[in-house]
Structures are given as structure tokens and as C-alpha cells.
$ cat data-v9.cif   # mmCIF, C-alpha atoms, pLDDT in the B column; chains and numbers go by the auth columns
data_coords
#
loop_
_atom_site.group_PDB
_atom_site.id
_atom_site.type_symbol
_atom_site.label_atom_id
_atom_site.label_comp_id
_atom_site.label_asym_id
_atom_site.label_seq_id
_atom_site.Cartn_x
_atom_site.Cartn_y
_atom_site.Cartn_z
_atom_site.B_iso_or_equiv
_atom_site.auth_seq_id
_atom_site.auth_asym_id
ATOM 1 C CA MET A 1 0.000 0.000 0.000 60.00 25 A
ATOM 2 C CA PHE A 2 2.736 2.422 1.010 60.00 26 A
ATOM 3 C CA LEU A 3 4.740 1.563 -2.103 60.00 27 A
ATOM 4 C CA ASN A 4 1.750 2.524 -4.271 67.00 28 A
ATOM 5 C CA TYR A 5 1.772 6.017 -2.734 64.00 29 A
ATOM 6 C CA ILE A 6 5.486 6.394 -3.432 68.00 30 A
ATOM 7 C CA LYS A 7 5.022 5.213 -7.015 63.00 31 A
ATOM 8 C CA GLU A 8 2.119 7.661 -7.441 69.00 32 A
ATOM 9 C CA PHE A 9 4.353 10.467 -6.158 67.00 33 A
ATOM 10 C CA PHE A 10 7.082 9.716 -8.710 61.00 34 A
ATOM 11 C CA VAL A 11 4.582 9.364 -11.561 66.00 35 A
ATOM 12 C CA LYS A 12 3.098 12.774 -10.645 65.00 36 A
ATOM 13 C CA LYS A 13 6.579 14.267 -10.547 64.00 37 A
ATOM 14 C CA SER A 14 7.275 12.918 -14.039 68.00 38 A
ATOM 15 C CA LEU A 15 3.898 14.250 -15.194 59.00 39 A
ATOM 16 C CA ASN A 16 4.721 17.761 -13.964 64.00 40 A
ATOM 17 C CA VAL A 17 8.007 17.711 -15.868 62.00 41 A
ATOM 18 C CA ASN A 18 6.137 16.674 -19.040 61.00 42 A
ATOM 19 C CA LEU A 19 3.481 19.350 -18.594 54.00 43 A
ATOM 20 C CA ASN A 20 6.114 22.061 -18.273 55.00 44 A
ATOM 21 C CA ASN A 21 7.717 20.925 -21.556 59.00 45 A
ATOM 22 C CA GLU A 22 4.421 20.713 -23.459 57.00 46 A
ATOM 23 C CA LYS A 23 4.427 22.058 -27.015 55.00 47 A
ATOM 24 C CA ASN A 24 1.311 23.104 -28.873 58.00 48 A
ATOM 25 C CA GLU A 25 0.896 22.188 -32.511 57.00 49 A
ATOM 26 C CA VAL A 26 -1.434 23.815 -34.986 54.00 50 A
ATOM 27 C CA PHE A 27 -4.457 21.838 -36.144 56.00 51 A
ATOM 28 C CA THR A 28 -5.141 22.579 -39.819 53.00 52 A
ATOM 29 C CA LYS A 29 -6.478 19.484 -41.580 66.00 53 A
ATOM 30 C CA ASN A 30 -9.261 16.941 -41.430 79.00 54 A
ATOM 31 C CA VAL A 31 -9.105 14.262 -38.765 84.00 55 A
ATOM 32 C CA GLN A 32 -7.929 10.966 -40.232 88.00 56 A
ATOM 33 C CA THR A 33 -6.446 9.115 -37.249 93.00 57 A
ATOM 34 C CA ILE A 34 -7.666 9.109 -33.662 94.00 58 A
ATOM 35 C CA GLY A 35 -6.050 7.798 -30.512 95.00 59 A
ATOM 36 C CA LEU A 36 -8.622 6.973 -27.846 95.00 60 A
ATOM 37 C CA LEU A 37 -7.423 6.724 -24.242 95.00 61 A
ATOM 38 C CA ILE A 38 -10.309 5.384 -22.140 93.00 62 A
ATOM 39 C CA ASP A 39 -10.629 4.826 -18.405 91.00 63 A
ATOM 40 C CA GLU A 40 -12.707 1.636 -18.406 89.00 64 A
ATOM 41 C CA SER A 41 -12.757 1.636 -14.616 88.00 65 A
ATOM 42 C CA ASN A 42 -15.410 4.371 -14.767 85.00 66 A
ATOM 43 C CA PHE A 43 -16.854 4.009 -18.286 89.00 67 A
ATOM 44 C CA GLU A 44 -18.487 0.864 -19.674 88.00 68 A
ATOM 45 C CA HIS A 45 -19.698 2.060 -23.097 90.00 69 A
ATOM 46 C CA SER A 46 -16.432 1.892 -25.046 90.00 70 A
ATOM 47 C CA GLU A 47 -17.976 0.052 -27.998 92.00 71 A
ATOM 48 C CA ALA A 48 -20.802 2.588 -28.262 93.00 72 A
ATOM 49 C CA LEU A 49 -18.265 5.430 -28.160 93.00 73 A
ATOM 50 C CA LEU A 50 -16.330 3.810 -31.030 93.00 74 A
ATOM 51 C CA LYS A 51 -19.538 3.446 -33.065 94.00 75 A
ATOM 52 C CA GLU A 52 -20.359 7.091 -32.440 94.00 76 A
ATOM 53 C CA LEU A 53 -16.934 8.149 -33.715 93.00 77 A
ATOM 54 C CA THR A 54 -17.303 6.011 -36.842 93.00 78 A
ATOM 55 C CA SER A 55 -20.721 7.567 -37.517 93.00 79 A
ATOM 56 C CA TYR A 56 -18.885 10.883 -38.080 90.00 80 A
ATOM 57 C CA GLY A 57 -16.849 9.413 -40.941 88.00 81 A
ATOM 58 C CA ILE A 58 -13.764 8.103 -39.148 90.00 82 A
ATOM 59 C CA ALA A 59 -12.791 4.618 -40.345 91.00 83 A
ATOM 60 C CA GLU A 60 -12.673 2.094 -37.516 91.00 84 A
ATOM 61 C CA GLU A 61 -9.188 0.937 -38.530 93.00 85 A
ATOM 62 C CA ASN A 62 -7.960 4.527 -38.053 93.00 86 A
ATOM 63 C CA ILE A 63 -9.005 4.555 -34.393 95.00 87 A
ATOM 64 C CA LYS A 64 -6.456 3.104 -31.991 95.00 88 A
ATOM 65 C CA VAL A 65 -7.698 2.365 -28.474 94.00 89 A
ATOM 66 C CA ALA A 66 -5.834 1.979 -25.192 93.00 90 A
ATOM 67 C CA ALA A 67 -8.014 1.123 -22.207 92.00 91 A
ATOM 68 C CA TYR A 68 -7.027 1.644 -18.561 91.00 92 A
ATOM 69 C CA ARG A 69 -8.360 -0.483 -15.720 88.00 93 A
ATOM 70 C CA GLY A 70 -7.776 0.308 -12.070 84.00 94 A
ATOM 71 C CA LYS A 71 -7.818 -3.387 -11.220 83.00 95 A
ATOM 72 C CA PHE A 72 -5.952 -5.070 -14.042 73.00 96 A
ATOM 73 C CA LYS A 73 -5.965 -8.876 -13.990 72.00 97 A
ATOM 74 C CA LYS A 74 -3.246 -10.561 -16.050 70.00 98 A
ATOM 75 C CA LYS A 75 -5.158 -13.813 -16.475 73.00 99 A
ATOM 76 C CA GLU A 76 -8.322 -12.139 -17.745 74.00 100 A
ATOM 77 C CA SER A 77 -8.603 -11.565 -21.488 72.00 101 A
ATOM 78 C CA TYR A 78 -9.765 -8.158 -22.701 75.00 102 A
ATOM 79 C CA SER A 79 -11.304 -7.279 -26.065 75.00 103 A
ATOM 80 C CA ARG A 80 -8.948 -4.318 -26.619 82.00 104 A
ATOM 81 C CA PRO A 81 -5.403 -3.462 -25.502 85.00 105 A
ATOM 82 C CA THR A 82 -5.727 -2.870 -21.769 87.00 106 A
ATOM 83 C CA PHE A 83 -3.227 -1.705 -19.182 89.00 107 A
ATOM 84 C CA GLY A 84 -3.028 -0.916 -15.490 85.00 108 A
ATOM 85 C CA LYS A 85 -0.740 0.669 -12.920 85.00 109 A
ATOM 86 C CA LYS A 86 1.746 -2.167 -13.283 86.00 110 A
ATOM 87 C CA HIS A 87 2.578 -1.103 -16.845 84.00 111 A
ATOM 88 C CA ILE A 88 4.180 2.156 -15.665 84.00 112 A
ATOM 89 C CA ASN A 89 7.381 1.969 -13.656 83.00 113 A
ATOM 90 C CA TRP A 90 8.578 4.159 -10.778 74.00 114 A
ATOM 91 C CA ARG A 91 10.154 6.723 -13.073 75.00 115 A
ATOM 92 C CA GLY A 92 6.980 7.206 -15.068 77.00 116 A
ATOM 93 C CA ARG A 93 8.249 5.132 -17.982 84.00 117 A
ATOM 94 C CA ILE A 94 5.996 2.782 -19.925 86.00 118 A
ATOM 95 C CA THR A 95 6.915 -0.904 -19.732 87.00 119 A
ATOM 96 C CA GLU A 96 4.322 -2.302 -22.162 87.00 120 A
ATOM 97 C CA ASP A 97 5.101 -2.408 -25.914 91.00 121 A
ATOM 98 C CA PHE A 98 1.589 -1.617 -27.212 92.00 122 A
ATOM 99 C CA LEU A 99 1.404 1.365 -24.862 92.00 123 A
ATOM 100 C CA ASN A 100 4.755 2.715 -26.093 92.00 124 A
ATOM 101 C CA GLU A 101 3.503 2.356 -29.658 94.00 125 A
ATOM 102 C CA PHE A 102 0.259 4.149 -28.740 94.00 126 A
ATOM 103 C CA VAL A 103 2.057 7.088 -27.109 93.00 127 A
ATOM 104 C CA ASN A 104 4.581 7.444 -29.942 93.00 128 A
ATOM 105 C CA SER A 105 1.957 7.366 -32.719 93.00 129 A
ATOM 106 C CA GLU A 106 1.350 10.748 -34.332 92.00 130 A
ATOM 107 C CA PHE A 107 -2.431 10.825 -34.264 92.00 131 A
ATOM 108 C CA ASP A 108 -4.315 13.749 -35.742 91.00 132 A
ATOM 109 C CA LEU A 109 -6.440 13.719 -32.595 92.00 133 A
ATOM 110 C CA LEU A 110 -6.073 12.186 -29.130 94.00 134 A
ATOM 111 C CA LEU A 111 -9.289 11.752 -27.154 95.00 135 A
ATOM 112 C CA SER A 112 -8.556 11.485 -23.447 94.00 136 A
ATOM 113 C CA TYR A 113 -11.855 9.978 -22.365 94.00 137 A
ATOM 114 C CA TYR A 114 -11.603 10.222 -18.586 93.00 138 A
ATOM 115 C CA ASN A 115 -12.901 12.877 -16.212 91.00 139 A
ATOM 116 C CA VAL A 116 -11.037 11.920 -13.031 90.00 140 A
ATOM 117 C CA GLU A 117 -7.478 13.101 -12.519 87.00 141 A
ATOM 118 C CA ASN A 118 -5.594 9.816 -12.700 86.00 142 A
ATOM 119 C CA SER A 119 -1.847 10.411 -12.778 86.00 143 A
ATOM 120 C CA ILE A 120 -1.155 7.438 -15.063 88.00 144 A
ATOM 121 C CA LEU A 121 -3.720 8.487 -17.669 90.00 145 A
ATOM 122 C CA MET A 122 -2.597 12.092 -17.433 89.00 146 A
ATOM 123 C CA LEU A 123 1.032 11.010 -17.937 88.00 147 A
ATOM 124 C CA LEU A 124 0.122 9.071 -21.084 91.00 148 A
ATOM 125 C CA THR A 125 -1.844 12.045 -22.423 91.00 149 A
ATOM 126 C CA SER A 126 1.056 14.408 -21.818 88.00 150 A
ATOM 127 C CA GLN A 127 3.588 12.021 -23.412 88.00 151 A
ATOM 128 C CA SER A 128 1.454 11.437 -26.505 91.00 152 A
ATOM 129 C CA LYS A 129 2.790 12.680 -29.835 91.00 153 A
ATOM 130 C CA ALA A 130 -0.750 13.515 -31.041 91.00 154 A
ATOM 131 C CA LYS A 131 -1.135 16.786 -32.927 89.00 155 A
ATOM 132 C CA PHE A 132 -4.318 17.861 -31.142 90.00 156 A
ATOM 133 C CA LYS A 133 -5.545 16.676 -27.727 91.00 157 A
ATOM 134 C CA VAL A 134 -9.137 16.763 -26.524 93.00 158 A
ATOM 135 C CA GLY A 135 -10.495 15.842 -23.109 93.00 159 A
ATOM 136 C CA PHE A 136 -12.874 16.731 -20.324 93.00 160 A
ATOM 137 C CA SER A 137 -12.796 20.103 -18.607 89.00 161 A
ATOM 138 C CA ALA A 138 -12.656 18.407 -15.182 85.00 162 A
ATOM 139 C CA VAL A 139 -9.070 17.292 -15.838 87.00 163 A
ATOM 140 C CA ASP A 140 -5.970 19.522 -15.645 82.00 164 A
ATOM 141 C CA GLN A 141 -6.279 22.379 -18.154 83.00 165 A
ATOM 142 C CA ARG A 142 -2.641 22.060 -19.297 82.00 166 A
ATOM 143 C CA LEU A 143 -3.148 18.595 -20.811 86.00 167 A
ATOM 144 C CA ASN A 144 -5.572 19.260 -23.636 87.00 168 A
ATOM 145 C CA ARG A 145 -5.951 21.953 -26.284 88.00 169 A
ATOM 146 C CA LEU A 146 -9.748 21.552 -26.300 88.00 170 A
ATOM 147 C CA MET A 147 -11.786 20.759 -23.206 91.00 171 A
ATOM 148 C CA ILE A 148 -15.431 19.726 -23.395 92.00 172 A
ATOM 149 C CA HIS A 149 -17.715 20.113 -20.396 92.00 173 A
ATOM 150 C CA THR A 150 -20.061 17.092 -20.332 91.00 174 A
ATOM 151 C CA GLU A 151 -20.718 14.052 -18.204 91.00 175 A
ATOM 152 C CA LEU A 152 -18.624 10.917 -18.766 90.00 176 A
ATOM 153 C CA GLY A 153 -21.650 8.787 -19.617 90.00 177 A
ATOM 154 C CA ASN A 154 -22.964 11.227 -22.217 92.00 178 A
ATOM 155 C CA TYR A 155 -20.609 10.138 -25.001 93.00 179 A
ATOM 156 C CA LYS A 156 -23.003 11.148 -27.821 94.00 180 A
ATOM 157 C CA LEU A 157 -22.973 14.769 -26.696 94.00 181 A
ATOM 158 C CA PHE A 158 -19.199 14.658 -26.235 94.00 182 A
ATOM 159 C CA VAL A 159 -18.601 13.406 -29.797 94.00 183 A
ATOM 160 C CA SER A 160 -21.117 15.790 -31.381 94.00 184 A
ATOM 161 C CA GLU A 161 -19.567 18.777 -29.558 93.00 185 A
ATOM 162 C CA LEU A 162 -16.103 17.581 -30.548 92.00 186 A
ATOM 163 C CA PHE A 163 -16.872 17.502 -34.260 91.00 187 A
ATOM 164 C CA ARG A 164 -18.797 20.767 -34.064 91.00 188 A
ATOM 165 C CA TYR A 165 -15.780 22.509 -32.541 88.00 189 A
ATOM 166 C CA LEU A 166 -13.350 20.857 -34.950 86.00 190 A
ATOM 167 C CA LYS A 167 -15.405 22.120 -37.881 85.00 191 A
ATOM 168 C CA ASN A 168 -15.218 25.673 -36.486 80.00 192 A
ATOM 169 C CA ILE A 169 -11.477 25.486 -35.789 74.00 193 A
ATOM 170 C CA LYS A 170 -10.511 24.659 -39.391 63.00 194 A
#

$ encode --input "data-v9.cif" --output "C-alpha cells"
Amino acid sequence: MFLNYIKEFFVKKSLNVNLNNEKNEVFTKNVQTIGLLIDESNFEHSEALLKELTSYGIAEENIKVAAYRGKFKKKESYSRPTFGKKHINWRGRITEDFLNEFVNSEFDLLLSYYNVENSILMLLTSQSKAKFKVGFSAVDQRLNRLMIHTELGNYKLFVSELFRYLKNIK
């Protein structure tokens, strides 16, 4: 238990370093690729969220998903790439290959679909090489370029607001 608090401290320290070095890129083209970082500990409608994104013209093969679970069980099989606290080491470095690939992919858009400040999810969002980051307004303002104020369960409103704002930005 105590070791988890120490690990959380070091992950937050690494997150603060990343947030101070954050660079903002300009968003000028249509969205082709999306990275979707979901906290499945608090949100159970991941499939419906994916269908909603595809209904706006994004091909399903262009959406890459990484799902976080607070209680990750190694023996359980998950339908999408899933990770937990054990996949981040003490220095805030990623130890899982698919997660490294996810963070280093240059998505047109990264959707950080979590509304609770979780240091591991926030670290992954800050380390992402995505050109434009979108998330909830309840999370740290320095992480995302666009913040949408909705409830976590209201994914249809979130996606419709997202594409409405993206249309106005271009």
C-alpha cells in the first residue's frame, strides 16, 4: 500500500516535468487518425463510443484504443489493448510495448476519455505525440488543447460537440 503512494508520487513528478515541456501544434487538416485513451474503470460504453466516432466518418481501422483499468488482472482476457498501474514503472516510464507504440503514434487527434485526474492516464496524455488533444474540462487544463464540459456517460454529446468545434477550428 505504502509503495503505491510512493510510485504515485514519482509518476506525478514525471507528469509535472512533461506538462512544463508541453508544445502546442497547430491543427489545420481533417481528422484521419484518432487515438482513444479510455478509463474503463469508470466508463463501460467503449464500444458505443467507437460506433459514435465512426458515424462521423472516421474509419474504424484509423481509431487506436488503449483502455485503462484500475484493477488489471493478467489472467483475464480483454477485447482491446488494456493496461493498469503495473505497466508504468517508478520513473513514469511505460513498460508495455503496445502502450509505447500508442504514445509514440502521431495521431491527428487524441481523445482522453476520462474525467477523473488519474496520474497514469494524465502522464500518457502528456507524453502522446498527437497533434491535437481533446479531453474533459474536469481534468488539468494544461493537458488538452480543447476541453469539453459534459458528463462521462454522455458520449453522444461529447462526440457531437467535438466535431462541431473541430469544424469551427478549421

$ atom_distance --input "data-v9.cif" --atom1 "CA of Ser70 in chain A" --atom2 "CA of Ser103 in chain A"
10.6 Å

$ closest_residue --input "data-v9.cif" --among "A:Asn178, A:Thr78, A:Ser152, A:Ser101" --to "Phe126 in chain A" --atoms "all atoms listed in the file"
A:Ser152

$ closest_residue --input "data-v9.cif" --among "A:Arg93, A:His173, A:Arg188, A:Lys88" --to "Ile58 in chain A" --atoms "all atoms listed in the file"
A:Lys88

$ resolve_selection --input "data-v9.cif" --expression "the PyMOL selection byres ((chain A and resi 84) around 12)" --output "PyMOL selection string"
chain A and resi 56-60+71+73-83+85-89

$ atom_distance --input "data-v9.cif" --atom1 "CA of Thr149 in chain A" --atom2 "CA of Ser161 in chain A"
14.1 Å

$ closest_residue --input "data-v9.cif" --among "A:Val140, A:Thr119, A:Arg169, A:Thr174" --to "Ile193 in chain A" --atoms "all atoms listed in the file"
A:Arg169

$ atom_distance --input "data-v9.cif" --atom1 "CA of Ser150 in chain A" --atom2 "CA of Thr106 in chain A"
18.6 Å

$ closest_residue --input "data-v9.cif" --among "A:Lys180, A:Ser136, A:Asn124, A:Leu186" --to "Ala162 in chain A" --atoms "all atoms listed in the file"
A:Ser136

$ resolve_selection --input "data-v9.cif" --expression "the PyMOL selection byres ((chain A and resi 63) around 10)" --output "PyMOL selection string"
chain A and resi 60-62+64-68+70+90-94+106-108+136-140+142+145

$ closest_residue --input "data-v9.cif" --among "A:Phe96, A:Trp114, A:Phe156, A:Tyr189" --to "Ile172 in chain A" --atoms "only C-alpha atoms"
A:Tyr189

$ closest_residue --input "data-v9.cif" --among "A:Lys97, A:Arg166, A:Lys191, A:Lys155" --to "Val127 in chain A" --atoms "all atoms listed in the file"
A:Lys155

$ axis_aligned_box --input "data-v9.cif" --around "range 79-87 of chain A" --padding-each-side "4 Å" --output "AutoDock Vina command-line options"
--center_x -14.3 --center_y 5.9 --center_z -37.7 --size_x 20.8 --size_y 17.9 --size_z 14.5

$ resolve_selection --input "data-v9.cif" --expression "the PyMOL selection byres ((chain A and resi 131) around 6)" --output "ChimeraX atom specification"
/A:57-58,129-130,132-133,154
